[in-house]
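To be precise, the following lines are model07.cif, and they hold mmCIF, C-alpha atoms and all ligand atoms.
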data_query
loop_
_atom_site.group_PDB
_atom_site.id
_atom_site.type_symbol
_atom_site.label_atom_id
_atom_site.label_comp_id
_atom_site.auth_asym_id
_atom_site.auth_seq_id
_atom_site.Cartn_x
_atom_site.Cartn_y
_atom_site.Cartn_z
ATOM 1 C CA MET A 1 -31.754 34.169 17.754
ATOM 2 C CA PRO A 2 -28.766 35.025 15.518
ATOM 3 C CA THR A 3 -29.616 32.302 12.986
ATOM 4 C CA VAL A 4 -28.514 32.472 9.356
ATOM 5 C CA ALA A 5 -29.361 29.851 6.684
ATOM 6 C CA VAL A 6 -26.687 29.697 3.973
ATOM 7 C CA LEU A 7 -28.366 28.263 0.913
ATOM 8 C CA ASN A 8 -28.759 27.597 -2.780
ATOM 9 C CA GLN A 9 -30.395 24.593 -4.395
ATOM 10 C CA LYS A 10 -27.494 24.386 -6.803
ATOM 11 C CA GLY A 11 -24.620 22.138 -5.733
ATOM 12 C CA GLY A 12 -20.992 23.179 -5.539
ATOM 13 C CA VAL A 13 -21.527 26.962 -5.603
ATOM 14 C CA GLY A 14 -19.682 27.494 -2.313
ATOM 15 C CA LYS A 15 -22.293 27.317 0.448
ATOM 16 C CA THR A 16 -19.928 25.378 2.684
ATOM 17 C CA THR A 17 -16.885 27.478 1.747
ATOM 18 C CA VAL A 18 -18.766 30.693 2.571
ATOM 19 C CA THR A 19 -20.154 29.264 5.825
ATOM 20 C CA LEU A 20 -16.660 28.237 6.924
ATOM 21 C CA GLY A 21 -15.043 31.471 5.694
ATOM 22 C CA LEU A 22 -17.512 33.453 7.798
ATOM 23 C CA ALA A 23 -16.906 31.143 10.782
ATOM 24 C CA SER A 24 -13.163 31.637 10.333
ATOM 25 C CA ALA A 25 -13.580 35.431 10.228
ATOM 26 C CA ALA A 26 -15.908 35.461 13.226
ATOM 27 C CA GLY A 27 -13.505 33.275 15.189
ATOM 28 C CA ALA A 28 -10.528 35.447 14.273
ATOM 29 C CA ALA A 29 -12.480 38.435 15.618
ATOM 30 C CA GLY A 30 -13.111 36.552 18.858
ATOM 31 C CA ARG A 31 -16.813 36.094 18.167
ATOM 32 C CA ARG A 32 -18.638 32.913 19.115
ATOM 33 C CA VAL A 33 -20.109 31.061 16.188
ATOM 34 C CA LEU A 34 -21.975 27.777 15.825
ATOM 35 C CA VAL A 35 -21.996 25.967 12.471
ATOM 36 C CA VAL A 36 -25.040 23.724 12.047
ATOM 37 C CA ASP A 37 -24.333 21.097 9.385
ATOM 38 C CA MET A 38 -27.671 20.563 7.659
ATOM 39 C CA ASP A 39 -26.109 18.662 4.734
ATOM 40 C CA PRO A 40 -26.087 14.827 4.964
ATOM 41 C CA GLN A 41 -22.774 14.953 3.032
ATOM 42 C CA GLY A 42 -21.343 16.397 6.254
ATOM 43 C CA SER A 43 -18.673 18.520 4.542
ATOM 44 C CA ALA A 44 -18.746 21.389 7.034
ATOM 45 C CA SER A 45 -18.410 19.041 10.040
ATOM 46 C CA TRP A 46 -15.540 17.247 8.338
ATOM 47 C CA VAL A 47 -13.623 20.463 7.583
ATOM 48 C CA LEU A 48 -14.149 21.612 11.174
ATOM 49 C CA GLY A 49 -12.430 18.418 12.268
ATOM 50 C CA VAL A 50 -15.511 16.675 13.634
ATOM 51 C CA ASP A 51 -16.759 13.289 12.426
ATOM 52 C CA PRO A 52 -19.934 14.163 10.465
ATOM 53 C CA LEU A 53 -21.586 10.968 11.675
ATOM 54 C CA GLY A 54 -20.426 11.337 15.275
ATOM 55 C CA THR A 55 -19.432 8.314 17.316
ATOM 56 C CA PRO A 56 -22.291 6.000 18.331
ATOM 57 C CA ASP A 57 -22.946 7.673 21.684
ATOM 58 C CA GLU A 58 -22.676 11.226 20.347
ATOM 59 C CA VAL A 59 -25.726 13.344 19.627
ATOM 60 C CA THR A 60 -25.837 14.699 16.048
ATOM 61 C CA LEU A 61 -28.192 16.965 14.110
ATOM 62 C CA GLY A 62 -30.109 13.904 12.948
ATOM 63 C CA ASP A 63 -30.830 13.074 16.598
ATOM 64 C CA VAL A 64 -31.795 16.688 17.277
ATOM 65 C CA LEU A 65 -34.394 16.568 14.496
ATOM 66 C CA ALA A 66 -35.642 13.357 16.074
ATOM 67 C CA GLY A 67 -36.109 15.116 19.412
ATOM 68 C CA ALA A 68 -32.734 15.179 21.216
ATOM 69 C CA HIS A 69 -31.789 18.410 22.986
ATOM 70 C CA VAL A 70 -29.911 20.743 20.663
ATOM 71 C CA THR A 71 -27.273 21.705 23.204
ATOM 72 C CA ASP A 72 -26.233 18.062 23.620
ATOM 73 C CA ALA A 73 -25.147 18.006 19.948
ATOM 74 C CA ILE A 74 -22.687 20.925 20.120
ATOM 75 C CA ARG A 75 -18.979 20.050 19.619
ATOM 76 C CA PRO A 76 -15.907 22.283 19.552
ATOM 77 C CA ALA A 77 -14.117 22.629 16.196
ATOM 78 C CA ASP A 78 -10.608 21.145 16.028
ATOM 79 C CA THR A 79 -8.293 23.750 17.538
ATOM 80 C CA THR A 80 -5.189 21.730 16.644
ATOM 81 C CA ALA A 81 -6.003 22.470 12.975
ATOM 82 C CA GLY A 82 -6.122 26.191 13.748
ATOM 83 C CA TRP A 83 -9.861 26.634 14.327
ATOM 84 C CA PRO A 84 -10.428 29.213 17.058
ATOM 85 C CA ASP A 85 -11.893 27.845 20.266
ATOM 86 C CA CYS A 86 -14.935 30.089 19.875
ATOM 87 C CA VAL A 87 -16.083 28.048 16.846
ATOM 88 C CA ASP A 88 -18.470 25.153 17.541
ATOM 89 C CA VAL A 89 -20.329 22.747 15.273
ATOM 90 C CA ILE A 90 -23.338 20.460 15.291
ATOM 91 C CA PRO A 91 -22.341 17.513 13.068
ATOM 92 C CA ALA A 92 -24.763 16.241 10.439
ATOM 93 C CA GLY A 93 -25.319 12.642 11.568
ATOM 94 C CA ASP A 94 -26.360 9.449 9.885
ATOM 95 C CA GLU A 95 -30.101 9.926 10.263
ATOM 96 C CA LEU A 96 -30.193 13.376 8.683
ATOM 97 C CA GLN A 97 -31.008 12.071 5.203
ATOM 98 C CA GLY A 98 -34.203 10.537 6.592
ATOM 99 C CA PHE A 99 -35.559 14.008 7.307
ATOM 100 C CA GLU A 100 -35.566 15.044 3.622
ATOM 101 C CA ALA A 101 -39.157 13.909 3.893
ATOM 102 C CA GLY A 102 -41.070 14.993 6.948
ATOM 103 C CA GLU A 103 -42.058 17.982 8.982
ATOM 104 C CA THR A 104 -40.607 21.407 8.287
ATOM 105 C CA GLY A 105 -40.646 22.778 11.824
ATOM 106 C CA ARG A 106 -38.342 20.357 13.601
ATOM 107 C CA LEU A 107 -35.185 22.455 13.616
ATOM 108 C CA ALA A 108 -37.129 25.554 14.675
ATOM 109 C CA ALA A 109 -38.649 23.629 17.592
ATOM 110 C CA ALA A 110 -35.234 22.297 18.601
ATOM 111 C CA PHE A 111 -33.734 25.810 18.460
ATOM 112 C CA ARG A 112 -36.550 27.186 20.618
ATOM 113 C CA GLY A 113 -35.799 24.458 23.154
ATOM 114 C CA GLY A 114 -32.159 25.592 23.379
ATOM 115 C CA HIS A 115 -32.630 29.310 22.785
ATOM 116 C CA ASP A 116 -30.704 30.427 25.873
ATOM 117 C CA VAL A 117 -27.568 28.655 24.662
ATOM 118 C CA LEU A 118 -28.043 29.581 20.984
ATOM 119 C CA ASP A 119 -28.592 33.231 21.921
ATOM 120 C CA SER A 120 -25.137 33.254 23.518
ATOM 121 C CA TYR A 121 -23.558 32.897 20.045
ATOM 122 C CA ASP A 122 -22.853 35.895 17.832
ATOM 123 C CA ALA A 123 -24.018 33.805 14.870
ATOM 124 C CA VAL A 124 -25.545 30.392 14.228
ATOM 125 C CA LEU A 125 -24.710 29.535 10.608
ATOM 126 C CA ILE A 126 -26.754 26.740 9.006
ATOM 127 C CA ASP A 127 -24.973 25.133 6.031
ATOM 128 C CA CYS A 128 -27.815 23.840 3.828
ATOM 129 C CA PRO A 129 -27.710 20.901 1.391
ATOM 130 C CA PRO A 130 -27.988 21.540 -2.373
ATOM 131 C CA SER A 131 -31.747 21.112 -2.590
ATOM 132 C CA LEU A 132 -34.961 22.883 -1.724
ATOM 133 C CA GLY A 133 -36.277 19.841 0.100
ATOM 134 C CA ASN A 134 -37.322 19.513 3.696
ATOM 135 C CA LEU A 135 -33.878 20.004 5.202
ATOM 136 C CA THR A 136 -33.520 23.433 3.577
ATOM 137 C CA THR A 137 -37.129 24.257 4.511
ATOM 138 C CA ASN A 138 -36.349 23.253 8.107
ATOM 139 C CA ALA A 139 -33.328 25.564 8.046
ATOM 140 C CA LEU A 140 -35.338 28.475 6.618
ATOM 141 C CA THR A 141 -38.123 27.916 9.139
ATOM 142 C CA ALA A 142 -35.573 28.071 11.987
ATOM 143 C CA ALA A 143 -33.595 31.031 10.597
ATOM 144 C CA ARG A 144 -33.945 34.766 11.008
ATOM 145 C CA HIS A 145 -31.753 35.476 7.984
ATOM 146 C CA ALA A 146 -31.213 33.786 4.632
ATOM 147 C CA LEU A 147 -27.888 34.210 2.875
ATOM 148 C CA LEU A 148 -27.860 33.117 -0.743
ATOM 149 C CA VAL A 149 -24.568 31.991 -2.276
ATOM 150 C CA VAL A 150 -24.315 32.445 -6.033
ATOM 151 C CA GLU A 151 -21.611 31.825 -8.586
ATOM 152 C CA PRO A 152 -21.595 34.371 -11.428
ATOM 153 C CA SER A 153 -21.851 31.913 -14.317
ATOM 154 C CA ALA A 154 -24.701 30.968 -16.627
ATOM 155 C CA LEU A 155 -25.314 27.715 -14.763
ATOM 156 C CA GLY A 156 -24.777 29.425 -11.421
ATOM 157 C CA LEU A 157 -27.697 31.756 -12.040
ATOM 158 C CA ARG A 158 -30.103 29.041 -13.040
ATOM 159 C CA GLY A 159 -32.591 28.222 -10.335
ATOM 160 C CA ILE A 160 -32.189 31.510 -8.430
ATOM 161 C CA GLY A 161 -35.880 32.228 -8.962
ATOM 162 C CA GLY A 162 -36.762 28.907 -7.359
ATOM 163 C CA VAL A 163 -34.680 29.723 -4.281
ATOM 164 C CA ALA A 164 -36.325 33.147 -3.978
ATOM 165 C CA ASP A 165 -39.743 31.463 -4.240
ATOM 166 C CA ALA A 166 -38.780 28.944 -1.543
ATOM 167 C CA ILE A 167 -37.774 31.783 0.804
ATOM 168 C CA ASP A 168 -41.092 33.518 0.050
ATOM 169 C CA ASP A 169 -43.077 30.337 0.682
ATOM 170 C CA VAL A 170 -41.442 29.716 4.067
ATOM 171 C CA TRP A 171 -41.921 33.373 4.993
ATOM 172 C CA ASP A 172 -45.591 33.107 4.020
ATOM 173 C CA SER A 173 -46.399 29.792 5.650
ATOM 174 C CA TYR A 174 -44.067 29.223 8.590
ATOM 175 C CA ASN A 175 -41.713 32.052 9.446
ATOM 176 C CA PRO A 176 -42.754 35.700 9.088
ATOM 177 C CA ASP A 177 -39.438 36.792 10.677
ATOM 178 C CA LEU A 178 -37.331 35.393 7.821
ATOM 179 C CA GLU A 179 -35.421 37.946 5.746
ATOM 180 C CA LEU A 180 -33.256 37.588 2.673
ATOM 181 C CA SER A 181 -30.246 39.337 4.156
ATOM 182 C CA GLY A 182 -28.118 39.232 1.064
ATOM 183 C CA VAL A 183 -26.521 37.427 -1.809
ATOM 184 C CA VAL A 184 -22.856 36.446 -1.567
ATOM 185 C CA LEU A 185 -21.096 36.275 -4.916
ATOM 186 C CA ASN A 186 -18.582 33.460 -4.740
ATOM 187 C CA ARG A 187 -15.713 32.364 -6.925
ATOM 188 C CA VAL A 188 -15.493 35.575 -8.881
ATOM 189 C CA PRO A 189 -12.563 35.584 -11.333
ATOM 190 C CA ALA A 190 -10.256 38.615 -11.476
ATOM 191 C CA ILE A 191 -11.131 39.454 -15.066
ATOM 192 C CA SER A 192 -14.034 37.938 -16.938
ATOM 193 C CA ASN A 193 -16.571 39.557 -19.235
ATOM 194 C CA GLU A 194 -18.812 36.560 -18.742
ATOM 195 C CA ALA A 195 -18.799 36.976 -14.932
ATOM 196 C CA GLU A 196 -19.437 40.732 -15.317
ATOM 197 C CA ARG A 197 -22.453 40.018 -17.502
ATOM 198 C CA ARG A 198 -23.805 37.483 -15.040
ATOM 199 C CA ILE A 199 -23.364 39.854 -12.108
ATOM 200 C CA ALA A 200 -25.325 42.500 -14.027
ATOM 201 C CA GLU A 201 -28.030 39.916 -14.723
ATOM 202 C CA LEU A 202 -28.137 38.938 -11.049
ATOM 203 C CA GLN A 203 -28.481 42.608 -10.066
ATOM 204 C CA ARG A 204 -31.567 42.796 -12.252
ATOM 205 C CA ILE A 205 -33.037 39.675 -10.619
ATOM 206 C CA VAL A 206 -32.397 40.342 -6.912
ATOM 207 C CA GLY A 207 -31.763 44.100 -6.925
ATOM 208 C CA ARG A 208 -28.395 45.828 -6.720
ATOM 209 C CA GLN A 209 -28.529 46.406 -2.964
ATOM 210 C CA ALA A 210 -29.122 42.719 -2.178
ATOM 211 C CA ILE A 211 -25.673 41.750 -3.473
ATOM 212 C CA LEU A 212 -23.181 41.945 -0.639
ATOM 213 C CA LYS A 213 -19.770 43.480 -1.166
ATOM 214 C CA PRO A 214 -17.082 42.406 -1.430
ATOM 215 C CA ALA A 215 -17.440 39.289 -3.554
ATOM 216 C CA VAL A 216 -15.402 36.208 -2.636
ATOM 217 C CA PRO A 217 -12.622 35.785 -5.213
ATOM 218 C CA ALA A 218 -11.839 32.529 -7.006
ATOM 219 C CA ARG A 219 -8.694 31.335 -5.220
ATOM 220 C CA VAL A 220 -6.971 27.960 -5.105
ATOM 221 C CA ILE A 221 -6.093 28.567 -1.434
ATOM 222 C CA LEU A 222 -9.825 28.460 -0.547
ATOM 223 C CA ASN A 223 -10.004 25.015 -2.096
ATOM 224 C CA GLN A 224 -6.797 24.007 -0.327
ATOM 225 C CA ALA A 225 -8.107 25.163 3.067
ATOM 226 C CA VAL A 226 -11.097 22.836 2.719
ATOM 227 C CA GLY A 227 -8.839 19.903 1.793
ATOM 228 C CA GLU A 228 -6.527 20.604 4.728
ATOM 229 C CA ARG A 229 -9.486 21.157 7.072
ATOM 230 C CA ARG A 230 -8.141 24.509 8.210
ATOM 231 C CA PRO A 231 -9.668 27.977 8.603
ATOM 232 C CA ILE A 232 -8.720 30.373 5.807
ATOM 233 C CA HIS A 233 -7.368 32.816 8.402
ATOM 234 C CA SER A 234 -4.623 30.339 9.318
ATOM 235 C CA TYR A 235 -3.002 30.943 5.897
ATOM 236 C CA ALA A 236 -2.359 34.606 6.739
ATOM 237 C CA SER A 237 -0.603 36.482 3.917
ATOM 238 C CA ARG A 238 -0.979 33.559 1.485
ATOM 239 C CA ALA A 239 -4.743 34.117 1.570
ATOM 240 C CA ALA A 240 -4.786 37.871 2.177
ATOM 241 C CA ASP A 241 -7.551 38.879 -0.234
ATOM 242 C CA SER A 242 -9.790 35.920 0.671
ATOM 243 C CA ILE A 243 -9.366 36.719 4.373
ATOM 244 C CA ASP A 244 -10.146 40.382 3.723
ATOM 245 C CA ALA A 245 -13.305 39.438 1.798
ATOM 246 C CA PHE A 246 -14.590 37.194 4.600
ATOM 247 C CA ASP A 247 -13.666 39.734 7.307
ATOM 248 C CA ARG A 248 -15.710 42.389 5.544
ATOM 249 C CA LEU A 249 -18.623 40.062 4.812
ATOM 250 C CA TRP A 250 -18.629 38.942 8.430
ATOM 251 C CA ALA A 251 -18.619 42.557 9.662
ATOM 252 C CA LYS A 252 -21.622 43.240 7.430
ATOM 253 C CA LEU A 253 -23.478 40.107 8.500
ATOM 254 C CA ARG A 254 -22.840 40.857 12.150
ATOM 255 C CA ARG A 255 -24.303 44.334 11.761
ATOM 256 C CA THR A 256 -27.361 42.846 10.067
ATOM 257 C CA ILE A 257 -27.794 40.288 12.842
ATOM 258 C CA LYS A 258 -27.372 42.886 15.586
ATOM 259 C CA ASN A 259 -29.931 45.211 14.044
ATOM 260 C CA THR A 260 -32.686 42.601 14.177
HETATM 261 N N1 LIG B 301 -14.016 31.075 -4.050
HETATM 262 C C1 LIG B 301 -13.544 29.855 -4.344
HETATM 263 N N2 LIG B 301 -12.336 29.710 -4.954
HETATM 264 C C2 LIG B 301 -11.864 28.473 -5.257
HETATM 265 N N3 LIG B 301 -12.484 27.329 -4.972
HETATM 266 C C3 LIG B 301 -13.697 27.411 -4.375
HETATM 267 C C4 LIG B 301 -14.278 28.667 -4.027
HETATM 268 N N4 LIG B 301 -15.468 28.421 -3.442
HETATM 269 C C5 LIG B 301 -15.625 27.087 -3.428
HETATM 270 N N5 LIG B 301 -14.566 26.468 -3.987
HETATM 271 C C6 LIG B 301 -14.388 25.007 -4.169
HETATM 272 O O1 LIG B 301 -15.478 24.507 -4.889
HETATM 273 C C7 LIG B 301 -15.914 23.274 -4.364
HETATM 274 C C8 LIG B 301 -17.364 23.373 -3.942
HETATM 275 O O2 LIG B 301 -17.462 24.296 -2.870
HETATM 276 P P1 LIG B 301 -18.438 24.023 -1.636
HETATM 277 O O3 LIG B 301 -18.282 22.638 -1.150
HETATM 278 O O4 LIG B 301 -18.213 25.127 -0.680
HETATM 279 O O5 LIG B 301 -19.829 24.195 -2.364
HETATM 280 P P2 LIG B 301 -21.270 23.819 -1.793
HETATM 281 O O6 LIG B 301 -22.234 24.737 -2.426
HETATM 282 O O7 LIG B 301 -21.240 23.767 -0.324
HETATM 283 O O8 LIG B 301 -21.418 22.345 -2.385
HETATM 284 P P3 LIG B 301 -22.610 21.315 -2.026
HETATM 285 O O9 LIG B 301 -23.764 21.781 -2.827
HETATM 286 O O10 LIG B 301 -22.093 19.984 -2.455
HETATM 287 O O11 LIG B 301 -22.853 21.416 -0.562
HETATM 288 C C9 LIG B 301 -14.975 22.936 -3.227
HETATM 289 O O12 LIG B 301 -13.967 22.092 -3.696
HETATM 290 C C10 LIG B 301 -14.402 24.284 -2.828
HETATM 291 O O13 LIG B 301 -13.113 24.178 -2.291
HETATM 292 MG MG MG B 302 -21.875 22.252 0.964
#
Please express the file's structure as structure tokens.
Ligand SMILES: Nc1ncnc2c1ncn2[C@@H]1O[C@H](COP(=O)(O)OP(=O)(O)OP(=O)(O)O)[C@@H](O)[C@H]1O
Ligand SMILES: [Mg+2]
Amino acid sequence: MPTVAVLNQKGGVGKTTVTLGLASAAGAAGRRVLVVDMDPQGSASWVLGVDPLGTPDEVTLGDVLAGAHVTDAIRPADTTAGWPDCVDVIPAGDELQGFEAGETGRLAAAFRGGHDVLDSYDAVLIDCPPSLGNLTTNALTAARHALLVVEPSALGLRGIGGVADAIDDVWDSYNPDLELSGVVLNRVPAISNEAERRIAELQRIVGRQAILKPAVPARVILNQAVGERRPIHSYASRAADSIDAFDRLWAKLRRTIKNT
């Protein structure tokens, strides 16, 4: 299954922005992508134009973890806001928070139950919450690839070791197929000695080849896109370098997915 967990225990580093940037790039290339909103905050669902809690009779990710069929929870992203019609989402749902404690294999079991449908996507991107609790462990147990999002600042690098350990633990105990497929550097300023130093430090921690190129630049338009609930590709020339970064990261991720 083309499953990718986008994670970091640290909040606000850009997990959701990177997930949605990749979905925007995939959609612009005509590829089918499913965003699974594993964060009870429901930001990804909201930006994709879907009520994170669903309406009462709608199946959400919370219901899926409780045993509902995964394919019943899939919704199209809002095309009127510019999202391509090949982008779908599973909204977070009210009950998701309750699964922060519980079994770690629920998402994996749900994915296995819907594997024929999930396999028809070019990528299934799981936007994780800012923790290493059970929801992130569920995502890692269900995923083939782990994509770590890091901000090149002193605080941004704190806790990286813990995330690497969590990936190792899941690999060891539940999911021998899991691979750290790369580290996305997000919100990189044009010129900053501090960022340069932190990137060098990160290279020493995770290895130079683990850091995916290009980095995602720090750009107000990326923040604006989230607020306006639109894909970054809909801003065209106003977001040219952000779009280029996500196009190239998507091309790389797609190659990685296809080779496994
Ligand atoms: N490259 C960037 N340039 C400018 N703003 C950015 C960039 N990446 C993220 N942001 C902004 O930073 C904020 C946090 O980003 P985001 O929500 O993607 O982080 P997150 O890791 O998903 O957060 P959480 O841990 O709460 O889920 C948002 O307001 C977003 O618009
Ligand atoms: Mg997020």
Counting all atoms listed in the file, what are the residues, protein, DNA or RNA alike, that approach ligand LIG 301 (chain B) to within 7 Å? I want them as a ChimeraX atom specification. /A:10-18,39,129-130,186-188,216-224,226
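Distance cut-off 6 Å, centre (-28.3, 32.6, -0.9), atoms counted all atoms listed in the file; the residues meeting this are Val6, Leu7, Asn8, Leu147, Leu148, Val149 and Val183 of chain A.
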Restricting the output to C-alpha atoms, write the selected residues as an mmCIF file, in the coordinates of the input.
data_model
loop_
_atom_site.group_PDB
_atom_site.id
_atom_site.type_symbol
_atom_site.label_atom_id
_atom_site.label_comp_id
_atom_site.auth_asym_id
_atom_site.auth_seq_id
_atom_site.Cartn_x
_atom_site.Cartn_y
_atom_site.Cartn_z
ATOM 1 C CA VAL A 6 -26.687 29.697 3.973
ATOM 2 C CA LEU A 7 -28.366 28.263 0.913
ATOM 3 C CA ASN A 8 -28.759 27.597 -2.780
ATOM 4 C CA LEU A 147 -27.888 34.210 2.875
ATOM 5 C CA LEU A 148 -27.860 33.117 -0.743
ATOM 6 C CA VAL A 149 -24.568 31.991 -2.276
ATOM 7 C CA VAL A 183 -26.521 37.427 -1.809
#
Please write as a ChimeraX atom specification the list of polymer residues whose atoms come within 10 Å of (-20.7, 36.1, 11.9), counting only C-alpha atoms and keeping to the coordinates of the file. /A:2-4,19,21-27,29,31-34,121-125,246-247,249-257
For the structure provided, state which residues fall under the PyMOL selection byres (((chain A and resi 167) around 9) and not hetatm), and present them as an MDAnalysis selection string. chainID A and resid 137 140 146 162:166 168:172 178:180
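Each of A:Ser153, A:Gln97, A:Asn138, A:Gln9 was checked against ligand MG 302 (chain B) using all atoms listed in the file; the smallest atom-to-atom distance is that of A:Gln9.
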Kindly give the distance, in Å, that separates CA of Asp78 in chain A and CA of Glu228 in chain A, rounded to a single decimal.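 Answer for the CA of Asp78 in chain A to CA of Glu228 in chain A separation: 12.0 Å.
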Report the residues retrieved by the PyMOL selection byres (((chain A and resi 75) around 10) and not hetatm) from the displayed file, expressed as a list of chain:residue names. A:Leu34, A:Val35, A:Ser45, A:Leu48, A:Gly49, A:Val50, A:Gly54, A:Glu58, A:Val59, A:Thr60, A:Thr71, A:Asp72, A:Ala73, A:Ile74, A:Pro76, A:Ala77, A:Asp78, A:Val87, A:Asp88, A:Val89, A:Ile90, A:Pro91
Minimum-distance residue to Leu53 in chain A, chosen among A:Glu95, A:Ala66, A:Asp127, A:Ile199 (using all atoms listed in the file):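 Going through A:Glu95, A:Ala66, A:Asp127, A:Ile199 one by one, the smallest distance to Leu53 in chain A is for A:Glu95.
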Pairwise distance for CA of His233 in chain A and CA of Pro189 in chain A, rounded to one decimal in Å: 20.6 Å
Selection dump of the PyMOL selection byres (((chain A and resi 234) around 9) and not hetatm), as a PyMOL selection string: chain A and resi 24+81-83+225+230-233+235-236+239
A:Ser131, A:Thr55, A:Ser181, A:Gln209: which is nearest ligand MG 302 (chain B), counting only C-alpha atoms and all ligand atoms?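 Looking at the shortest contact to ligand MG 302 (chain B), the residue is A:Ser131.
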Find the residue from A:Ser43, A:Arg112, A:Gly105, A:Arg229 that sits nearest to Thr80 in chain A; use all atoms listed in the file when measuring. A:Arg229
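Of note, CA of Thr260 in chain A and CA of Lys213 in chain A are spaced 20.1 Å apart.
The closest residue to Gly207 in chain A, picked from A:Ile243, A:Leu65, A:Gly182, A:Gln41 and counting all atoms listed in the file, is A:Gly182.
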For ligand MG 302 (chain B), which residue among A:Gln203, A:Thr136, A:Asn193, A:Thr79 is the nearest when counting only C-alpha atoms and all ligand atoms?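 Of A:Gln203, A:Thr136, A:Asn193, A:Thr79, the one nearest ligand MG 302 (chain B), counting only C-alpha atoms and all ligand atoms, is A:Thr136.
If you count only C-alpha atoms and ignore residues fewer than 3 places along the chain from Arg197 in chain A, what sits within 12 Å of it is A:Pro152, A:Ser153, A:Ala154, A:Leu157, A:Val188, A:Ile191, A:Ser192, A:Asn193, A:Glu194, A:Ala200, A:Glu201, A:Leu202, A:Gln203, A:Arg204.
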Report as AutoDock Vina command-line options the centre and the edge lengths, in Å to one decimal, of the axis-aligned box holding every listed atom of range 172-182 of chain A, padded by 4 Å on each side.
--center_x -37.3 --center_y 34.3 --center_z 5.9 --size_x 26.3 --size_y 18.1 --size_z 17.6
Would you mind completing range 63-75 of chain A to N, CA and C atoms and writing the output as a short mmCIF file (atom, residue, chain, number, x, y, z; two decimals), in the frame of the given file?
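Contents of rebuild_30.cif, freshly written:
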data_model
loop_
_atom_site.label_atom_id
_atom_site.label_comp_id
_atom_site.auth_asym_id
_atom_site.auth_seq_id
_atom_site.Cartn_x
_atom_site.Cartn_y
_atom_site.Cartn_z
N ASP A 63 -30.17 13.37 15.32
CA ASP A 63 -30.83 13.07 16.60
C ASP A 63 -31.65 14.28 17.08
N VAL A 64 -31.09 15.47 16.85
CA VAL A 64 -31.80 16.69 17.28
C VAL A 64 -33.13 16.79 16.56
N LEU A 65 -33.14 16.50 15.24
CA LEU A 65 -34.39 16.57 14.50
C LEU A 65 -35.36 15.48 14.97
N ALA A 66 -34.79 14.43 15.55
CA ALA A 66 -35.64 13.36 16.07
C ALA A 66 -36.08 13.63 17.51
N GLY A 67 -35.62 14.76 18.09
CA GLY A 67 -36.11 15.12 19.41
C GLY A 67 -35.06 15.29 20.49
N ALA A 68 -33.78 14.99 20.20
CA ALA A 68 -32.73 15.18 21.22
C ALA A 68 -32.54 16.68 21.48
N HIS A 69 -31.97 17.00 22.66
CA HIS A 69 -31.79 18.41 22.99
C HIS A 69 -30.63 19.00 22.18
N VAL A 70 -30.88 20.17 21.60
CA VAL A 70 -29.91 20.74 20.66
C VAL A 70 -28.55 20.99 21.31
N THR A 71 -28.55 21.37 22.57
CA THR A 71 -27.27 21.70 23.20
C THR A 71 -26.40 20.47 23.43
N ASP A 72 -27.02 19.29 23.46
CA ASP A 72 -26.23 18.06 23.62
C ASP A 72 -25.45 17.70 22.35
N ALA A 73 -25.77 18.36 21.23
CA ALA A 73 -25.15 18.01 19.95
C ALA A 73 -23.97 18.93 19.61
N ILE A 74 -23.72 19.94 20.44
CA ILE A 74 -22.69 20.92 20.12
C ILE A 74 -21.29 20.39 20.44
N ARG A 75 -20.38 20.49 19.45
CA ARG A 75 -18.98 20.05 19.62
C ARG A 75 -18.05 21.21 19.30
#
